[in-house]
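Coordinates from model_23.cif are shown below (mmCIF, C-alpha atoms).
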data_work
loop_
_atom_site.group_PDB
_atom_site.id
_atom_site.type_symbol
_atom_site.label_atom_id
_atom_site.label_comp_id
_atom_site.auth_asym_id
_atom_site.auth_seq_id
_atom_site.Cartn_x
_atom_site.Cartn_y
_atom_site.Cartn_z
ATOM 1 C CA MET A 1 89.127 6.360 194.397
ATOM 2 C CA ASN A 2 87.067 9.372 195.470
ATOM 3 C CA SER A 3 86.459 12.496 193.391
ATOM 4 C CA ALA A 4 89.142 14.615 195.086
ATOM 5 C CA THR A 5 91.792 11.933 194.615
ATOM 6 C CA HIS A 6 90.914 11.489 190.955
ATOM 7 C CA PHE A 7 90.961 15.227 190.361
ATOM 8 C CA ARG A 8 94.402 15.511 191.980
ATOM 9 C CA TYR A 9 95.605 12.540 189.926
ATOM 10 C CA GLU A 10 94.609 14.201 186.631
ATOM 11 C CA ILE A 11 96.265 17.486 187.584
ATOM 12 C CA LEU A 12 99.507 15.699 188.512
ATOM 13 C CA ARG A 13 99.476 13.829 185.199
ATOM 14 C CA THR A 14 99.239 17.165 183.438
ATOM 15 C CA VAL A 15 102.016 18.870 185.385
ATOM 16 C CA ARG A 16 104.390 15.925 184.911
ATOM 17 C CA ASN A 17 103.919 15.817 181.138
ATOM 18 C CA HIS A 18 107.054 17.759 180.223
ATOM 19 C CA ARG A 19 106.787 16.926 176.513
ATOM 20 C CA PHE A 20 103.471 18.722 176.105
ATOM 21 C CA PHE A 21 104.679 21.683 178.129
ATOM 22 C CA ALA A 22 107.610 21.989 175.728
ATOM 23 C CA VAL A 23 105.232 22.070 172.752
ATOM 24 C CA THR A 24 102.667 24.387 174.306
ATOM 25 C CA LEU A 25 105.079 26.774 176.063
ATOM 26 C CA ALA A 26 108.459 26.772 174.345
ATOM 27 C CA LEU A 27 107.434 26.406 170.704
ATOM 28 C CA PRO A 28 105.011 29.392 170.553
ATOM 29 C CA LEU A 29 107.556 31.609 172.309
ATOM 30 C CA VAL A 30 110.373 30.648 169.947
ATOM 31 C CA ILE A 31 108.220 31.207 166.866
ATOM 32 C CA PHE A 32 106.891 34.491 168.221
ATOM 33 C CA TYR A 33 110.296 35.994 168.948
ATOM 34 C CA ALA A 34 111.793 34.696 165.706
ATOM 35 C CA ILE A 35 109.145 36.329 163.522
ATOM 36 C CA ALA A 36 107.776 39.241 165.542
ATOM 37 C CA SER A 37 111.210 40.636 166.402
ATOM 38 C CA ALA A 38 111.975 41.158 162.726
ATOM 39 C CA ASN A 39 108.557 42.748 162.104
ATOM 40 C CA ARG A 40 108.004 44.703 165.300
ATOM 41 C CA HIS A 41 107.284 47.941 163.423
ATOM 42 C CA ALA A 42 105.028 46.417 160.768
ATOM 43 C CA MET A 43 101.235 46.635 160.682
ATOM 44 C CA THR A 44 98.648 44.012 159.802
ATOM 45 C CA GLU A 45 94.865 44.274 159.772
ATOM 46 C CA GLY A 46 95.174 47.789 161.161
ATOM 47 C CA ILE A 47 97.120 46.811 164.291
ATOM 48 C CA ALA A 48 100.795 46.377 165.117
ATOM 49 C CA PHE A 49 102.169 43.069 163.856
ATOM 50 C CA PRO A 50 103.528 42.012 167.289
ATOM 51 C CA LEU A 51 100.001 42.316 168.734
ATOM 52 C CA TYR A 52 98.475 40.283 165.917
ATOM 53 C CA PHE A 53 101.141 37.594 165.993
ATOM 54 C CA MET A 54 101.198 37.511 169.785
ATOM 55 C CA THR A 55 97.504 36.619 169.775
ATOM 56 C CA GLY A 56 98.089 34.076 167.026
ATOM 57 C CA MET A 57 100.858 32.317 168.953
ATOM 58 C CA ALA A 58 98.820 32.374 172.161
ATOM 59 C CA ALA A 59 95.998 30.729 170.223
ATOM 60 C CA TYR A 60 98.361 28.205 168.634
ATOM 61 C CA GLY A 61 99.973 27.091 171.881
ATOM 62 C CA SER A 62 96.746 27.037 173.851
ATOM 63 C CA MET A 63 94.950 25.003 171.160
ATOM 64 C CA PHE A 64 97.682 22.382 171.507
ATOM 65 C CA ALA A 65 97.311 22.568 175.277
ATOM 66 C CA VAL A 66 93.582 21.934 175.410
ATOM 67 C CA VAL A 67 93.528 19.084 172.884
ATOM 68 C CA SER A 68 96.385 17.316 174.686
ATOM 69 C CA PRO A 69 94.114 15.539 177.207
ATOM 70 C CA GLY A 70 92.920 13.593 174.175
ATOM 71 C CA ALA A 71 96.246 11.754 174.234
ATOM 72 C CA ARG A 72 95.686 10.755 177.862
ATOM 73 C CA VAL A 73 92.142 9.667 177.043
ATOM 74 C CA ALA A 74 93.488 7.455 174.251
ATOM 75 C CA ALA A 75 96.136 6.002 176.572
ATOM 76 C CA ASP A 76 93.527 5.252 179.248
ATOM 77 C CA ARG A 77 91.289 3.647 176.653
ATOM 78 C CA SER A 78 94.080 1.454 175.278
ATOM 79 C CA ARG A 79 94.890 0.184 178.787
ATOM 80 C CA GLY A 80 91.264 -0.495 179.622
ATOM 81 C CA TRP A 81 91.224 2.203 182.294
ATOM 82 C CA THR A 82 88.190 3.910 180.764
ATOM 83 C CA ARG A 83 86.097 0.748 181.099
ATOM 84 C CA GLN A 84 87.353 0.228 184.653
ATOM 85 C CA LEU A 85 86.209 3.705 185.645
ATOM 86 C CA ARG A 86 82.698 2.910 184.449
ATOM 87 C CA ILE A 87 82.344 0.126 187.045
ATOM 88 C CA THR A 88 83.620 2.244 189.943
ATOM 89 C CA PRO A 89 81.530 4.705 192.003
ATOM 90 C CA LEU A 90 83.403 7.553 190.302
ATOM 91 C CA ARG A 91 81.000 9.512 188.122
ATOM 92 C CA ALA A 92 81.889 10.093 184.481
ATOM 93 C CA ARG A 93 81.139 13.779 185.041
ATOM 94 C CA THR A 94 83.912 13.966 187.656
ATOM 95 C CA ASP A 95 86.425 12.441 185.259
ATOM 96 C CA LEU A 96 85.340 14.866 182.534
ATOM 97 C CA THR A 97 85.576 17.878 184.862
ATOM 98 C CA ALA A 98 89.071 16.887 185.940
ATOM 99 C CA LYS A 99 90.265 16.560 182.349
ATOM 100 C CA VAL A 100 88.699 19.891 181.335
ATOM 101 C CA ALA A 101 90.390 21.570 184.307
ATOM 102 C CA SER A 102 93.730 20.019 183.370
ATOM 103 C CA ALA A 103 93.281 21.241 179.781
ATOM 104 C CA TYR A 104 92.833 24.812 180.953
ATOM 105 C CA LEU A 105 95.695 24.355 183.410
ATOM 106 C CA MET A 106 97.979 23.689 180.465
ATOM 107 C CA ALA A 107 96.523 26.523 178.378
ATOM 108 C CA LEU A 108 96.698 29.298 180.958
ATOM 109 C CA PRO A 109 100.526 29.424 181.290
ATOM 110 C CA THR A 110 100.821 29.444 177.501
ATOM 111 C CA VAL A 111 98.500 32.430 177.185
ATOM 112 C CA VAL A 112 100.192 34.336 180.012
ATOM 113 C CA LEU A 113 103.768 33.736 178.791
ATOM 114 C CA VAL A 114 103.037 34.655 175.177
ATOM 115 C CA LEU A 115 101.246 37.838 176.254
ATOM 116 C CA LEU A 116 104.228 38.742 178.427
ATOM 117 C CA ALA A 117 106.492 38.093 175.450
ATOM 118 C CA GLY A 118 104.363 40.498 173.424
ATOM 119 C CA ALA A 119 104.847 43.173 176.064
ATOM 120 C CA THR A 120 108.632 42.830 175.713
ATOM 121 C CA LEU A 121 108.312 43.650 172.002
ATOM 122 C CA GLY A 122 106.334 46.801 172.570
ATOM 123 C CA VAL A 123 102.710 45.644 172.789
ATOM 124 C CA ARG A 124 101.012 48.175 175.046
ATOM 125 C CA LEU A 125 97.459 47.717 176.264
ATOM 126 C CA HIS A 126 95.451 48.793 179.278
ATOM 127 C CA ALA A 127 95.008 46.236 182.034
ATOM 128 C CA SER A 128 91.367 45.738 181.073
ATOM 129 C CA GLN A 129 92.378 45.041 177.467
ATOM 130 C CA TRP A 130 94.945 42.418 178.509
ATOM 131 C CA LEU A 131 92.327 40.735 180.685
ATOM 132 C CA GLU A 132 89.698 40.878 177.965
ATOM 133 C CA MET A 133 92.064 39.353 175.424
ATOM 134 C CA ALA A 134 92.998 36.520 177.782
ATOM 135 C CA GLY A 135 89.336 35.949 178.621
ATOM 136 C CA LEU A 136 88.340 35.737 174.959
ATOM 137 C CA LEU A 137 91.146 33.276 174.280
ATOM 138 C CA LEU A 138 90.076 31.025 177.149
ATOM 139 C CA VAL A 139 86.417 31.112 176.117
ATOM 140 C CA GLY A 140 87.320 30.419 172.490
ATOM 141 C CA LEU A 141 89.195 27.265 173.496
ATOM 142 C CA ALA A 142 86.016 25.446 174.557
ATOM 143 C CA PRO A 143 85.418 23.771 171.147
ATOM 144 C CA PHE A 144 88.993 22.507 171.073
ATOM 145 C CA ILE A 145 88.619 20.792 174.436
ATOM 146 C CA ALA A 146 85.699 18.888 172.931
ATOM 147 C CA ILE A 147 87.765 18.100 169.829
ATOM 148 C CA GLY A 148 90.459 16.617 172.050
ATOM 149 C CA PHE A 149 87.911 14.327 173.718
ATOM 150 C CA VAL A 150 86.460 13.246 170.374
ATOM 151 C CA LEU A 151 89.887 12.334 169.019
ATOM 152 C CA GLY A 152 90.952 10.690 172.256
ATOM 153 C CA ASN A 153 87.952 8.376 172.234
ATOM 154 C CA ALA A 154 87.883 7.666 168.508
ATOM 155 C CA VAL A 155 91.482 7.560 167.247
ATOM 156 C CA PRO A 156 93.948 4.705 167.981
ATOM 157 C CA LEU A 157 96.685 5.575 170.449
ATOM 158 C CA ASP A 158 99.547 5.115 167.977
ATOM 159 C CA THR A 159 98.103 7.718 165.598
ATOM 160 C CA MET A 160 97.096 10.246 168.265
ATOM 161 C CA PRO A 161 100.150 12.551 167.937
ATOM 162 C CA ALA A 162 99.544 12.939 164.198
ATOM 163 C CA ALA A 163 95.791 13.400 164.688
ATOM 164 C CA LEU A 164 96.180 16.035 167.395
ATOM 165 C CA GLY A 165 99.027 17.880 165.686
ATOM 166 C CA GLY A 166 97.399 17.801 162.269
ATOM 167 C CA THR A 167 94.057 19.010 163.590
ATOM 168 C CA VAL A 168 95.571 21.945 165.453
ATOM 169 C CA LEU A 169 97.785 22.863 162.495
ATOM 170 C CA LEU A 170 94.825 22.942 160.104
ATOM 171 C CA PHE A 171 92.748 25.108 162.423
ATOM 172 C CA ALA A 172 95.753 27.378 162.999
ATOM 173 C CA LEU A 173 96.561 27.707 159.307
ATOM 174 C CA PHE A 174 93.029 28.460 158.140
ATOM 175 C CA GLY A 175 92.245 30.505 161.248
ATOM 176 C CA GLY A 176 94.968 33.013 160.403
ATOM 177 C CA VAL A 177 97.452 32.193 163.163
ATOM 178 C CA PHE A 178 100.377 32.658 160.762
ATOM 179 C CA GLY A 179 98.677 35.380 158.755
ATOM 180 C CA ARG A 180 95.389 35.615 156.929
ATOM 181 C CA LEU A 181 95.145 33.363 153.887
ATOM 182 C CA PHE A 182 92.191 35.175 152.334
ATOM 183 C CA ASN A 183 91.440 38.894 152.332
ATOM 184 C CA GLY A 184 87.870 38.744 151.099
ATOM 185 C CA GLY A 185 85.206 36.848 149.252
ATOM 186 C CA THR A 186 83.650 33.485 149.965
ATOM 187 C CA MET A 187 86.828 31.920 151.348
ATOM 188 C CA LEU A 188 87.089 34.596 154.033
ATOM 189 C CA ASP A 189 83.446 33.988 154.937
ATOM 190 C CA ILE A 190 84.249 30.295 155.332
ATOM 191 C CA GLU A 191 87.325 31.136 157.398
ATOM 192 C CA LYS A 192 85.125 33.126 159.781
ATOM 193 C CA LEU A 193 83.155 29.951 160.490
ATOM 194 C CA LEU A 194 86.179 28.479 162.284
ATOM 195 C CA PRO A 195 86.591 29.047 166.033
ATOM 196 C CA SER A 196 90.341 29.468 165.514
ATOM 197 C CA TYR A 197 89.657 32.578 163.416
ATOM 198 C CA TRP A 198 88.021 34.234 166.405
ATOM 199 C CA LEU A 199 90.828 33.195 168.725
ATOM 200 C CA VAL A 200 93.221 35.127 166.501
ATOM 201 C CA GLN A 201 90.818 38.087 166.408
ATOM 202 C CA ALA A 202 90.783 38.325 170.216
ATOM 203 C CA GLY A 203 93.777 40.666 170.194
ATOM 204 C CA LYS A 204 92.249 42.990 167.630
ATOM 205 C CA ALA A 205 88.939 43.016 169.505
ATOM 206 C CA ALA A 206 90.589 43.845 172.825
ATOM 207 C CA HIS A 207 92.812 46.501 171.224
ATOM 208 C CA GLY A 208 89.706 48.226 169.908
ATOM 209 C CA GLY A 209 88.273 48.347 173.406
ATOM 210 C CA GLY A 210 85.473 46.040 172.389
ATOM 211 C CA ASN A 211 84.647 42.405 172.131
ATOM 212 C CA TRP A 212 83.976 39.806 169.519
ATOM 213 C CA PRO A 213 81.023 40.717 167.308
ATOM 214 C CA LEU A 214 77.913 38.599 167.693
ATOM 215 C CA GLU A 215 79.120 36.419 164.810
ATOM 216 C CA GLY A 216 82.177 35.372 166.790
ATOM 217 C CA TRP A 217 80.169 34.355 169.846
ATOM 218 C CA ILE A 218 77.748 32.388 167.675
ATOM 219 C CA VAL A 219 80.556 30.505 165.900
ATOM 220 C CA VAL A 220 82.319 29.530 169.142
ATOM 221 C CA ALA A 221 79.045 28.553 170.825
ATOM 222 C CA ALA A 222 77.819 26.579 167.798
ATOM 223 C CA TRP A 223 81.030 24.549 167.562
ATOM 224 C CA THR A 224 80.958 23.836 171.291
ATOM 225 C CA VAL A 225 77.310 22.814 171.371
ATOM 226 C CA ALA A 226 77.708 20.641 168.269
ATOM 227 C CA LEU A 227 80.835 18.879 169.533
ATOM 228 C CA ILE A 228 79.682 18.069 173.080
ATOM 229 C CA PRO A 229 77.216 15.327 172.034
ATOM 230 C CA VAL A 230 79.787 13.952 169.586
ATOM 231 C CA ALA A 231 82.333 13.729 172.398
ATOM 232 C CA ALA A 232 79.748 12.095 174.675
ATOM 233 C CA LEU A 233 78.888 9.509 172.029
ATOM 234 C CA ALA A 234 82.559 8.753 171.391
ATOM 235 C CA PHE A 235 83.103 8.305 175.138
ATOM 236 C CA ARG A 236 80.182 5.910 175.509
ATOM 237 C CA ARG A 237 81.384 3.812 172.605
ATOM 238 C CA ALA A 238 84.964 3.749 173.846
ATOM 239 C CA SER A 239 84.001 2.785 177.399
ATOM 240 C CA THR A 240 81.882 -0.179 176.252
ATOM 241 C CA ARG A 241 84.211 -1.415 173.504
ATOM 242 C CA PRO A 242 86.050 -4.648 174.389
#
Rewrite the coordinates I just gave you, this time as structure tokens.
Amino acid sequence: MNSATHFRYEILRTVRNHRFFAVTLALPLVIFYAIASANRHAMTEGIAFPLYFMTGMAAYGSMFAVVSPGARVAADRSRGWTRQLRITPLRARTDLTAKVASAYLMALPTVVLVLLAGATLGVRLHASQWLEMAGLLLVGLAPFIAIGFVLGNAVPLDTMPAALGGTVLLFALFGGVFGRLFNGGTMLDIEKLLPSYWLVQAGKAAHGGGNWPLEGWIVVAAWTVALIPVAALAFRRASTRP
């Protein structure tokens, strides 16, 4: 199997996974319309509630999307496919690149559809602000791709759905996807150390015509840099395990 064939194979696996598309596309839209429609004139954190919740649901769905390759990694590992790949000419980097691309392929439609849903409820931004918000969301997903690989290589296949769902739910809850849990003090400072917090803040940052503050970039970068070697170690162990 050459690199192009393997890349195409991973993309097709992603597109044919209708269950994950239902979770990453349908669920955020249903939740968004159910809650934002009733609060379309409310304000939160100084911005319209539909804008805040739109960003939160885009973050929620896209986090699910980019950790989902972890389930395929676990399935490959349980069938011995990961070990087989190690003895083929296919480079591990090619397999990793294909899975990262498929993760973003699942996340991008989620982001686009939820942002379009926000526009139907009155969210109005300039084109540059829409693009900046989407760009921040995609950049902020990098740590979650690594989390998906860590879980996929470390957690048994039969417990993967609970591990993936529970991890995303915790990050979403404490990141403020469904509303901020803490309004100040030490707990808010801790909340700001989560990459999911900055995903939710992408809408507010874009609405203000700016960007994440330096703190946000540092948090996202630190999580990504810290998780990459963990994911690499988990992969090496999984590919050599009998």
* Near Gly61 of chain A, within 7 Å and counting all atoms listed in the file, which residues show up once chain neighbours fewer than 6 positions away are dropped, as a PyMOL selection string? -> chain A and resi 24-25+28+110
* **Pick from A:Val23, A:Val219, A:Ile228, A:Leu141, whichever lies nearest to Asp189 of chain A using all atoms listed in the file** =>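 Under the stated criterion, the closest residue is A:Val219.
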* For the file shown, report as number ranges by chain the outcome of the PyMOL selection byres ((chain A and resi 150-153) around 7) at residue level. => A: 70-71, 73-74, 146-149, 154-155, 230-231, 234-235, 238
Keeping only C-alpha atoms, write those residues as a PDB file, in the coordinates of the input.
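Output contents, as saved in result-v7.pdb:
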ATOM      1  CA  GLY A  70      92.920  13.593 174.175  1.00  0.00           C
ATOM      2  CA  ALA A  71      96.246  11.754 174.234  1.00  0.00           C
ATOM      3  CA  VAL A  73      92.142   9.667 177.043  1.00  0.00           C
ATOM      4  CA  ALA A  74      93.488   7.455 174.251  1.00  0.00           C
ATOM      5  CA  ALA A 146      85.699  18.888 172.931  1.00  0.00           C
ATOM      6  CA  ILE A 147      87.765  18.100 169.829  1.00  0.00           C
ATOM      7  CA  GLY A 148      90.459  16.617 172.050  1.00  0.00           C
ATOM      8  CA  PHE A 149      87.911  14.327 173.718  1.00  0.00           C
ATOM      9  CA  ALA A 154      87.883   7.666 168.508  1.00  0.00           C
ATOM     10  CA  VAL A 155      91.482   7.560 167.247  1.00  0.00           C
ATOM     11  CA  VAL A 230      79.787  13.952 169.586  1.00  0.00           C
ATOM     12  CA  ALA A 231      82.333  13.729 172.398  1.00  0.00           C
ATOM     13  CA  ALA A 234      82.559   8.753 171.391  1.00  0.00           C
ATOM     14  CA  PHE A 235      83.103   8.305 175.138  1.00  0.00           C
ATOM     15  CA  ALA A 238      84.964   3.749 173.846  1.00  0.00           C
TER      16      ALA A 238
END
* To do: Could you give me, as a PyMOL selection string, the residues within 12 Å of Ala127 of chain A, counting only C-alpha atoms and dropping anything in the same chain fewer than 4 positions from it?
  => chain A and resi 115+119+131-134+206-207+209
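In terms of minimum interatomic distance to Pro229 of chain A, A:Pro143 ranks closest within A:Thr186, A:Pro143, A:His18, A:Asn211, counting all atoms listed in the file.
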* To do: Any chance you could resolve the PyMOL selection byres ((chain A and resi 53) around 10) against this file and give the residues as a PyMOL selection string?
  => chain A and resi 31-33+35-36+39-40+44+48-52+54-59+114+118+176-179+200+203
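Each of A:Phe144, A:Val168, A:Ala98, A:Phe64 was compared to Val225 of chain A using only C-alpha atoms, and A:Phe144 turns out to be the nearest.
Among the candidates A:Ala172, A:Ala75, A:Leu138, A:Ala202, the one nearest to Thr159 of chain A when counting only C-alpha atoms is A:Ala75.
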* Report the distance between atom CA of Met160 of chain A and atom CA of Ala34 of chain A in Å, rounded to one decimal place. =>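 Rounded to one decimal, the two atoms are 28.6 Å apart.
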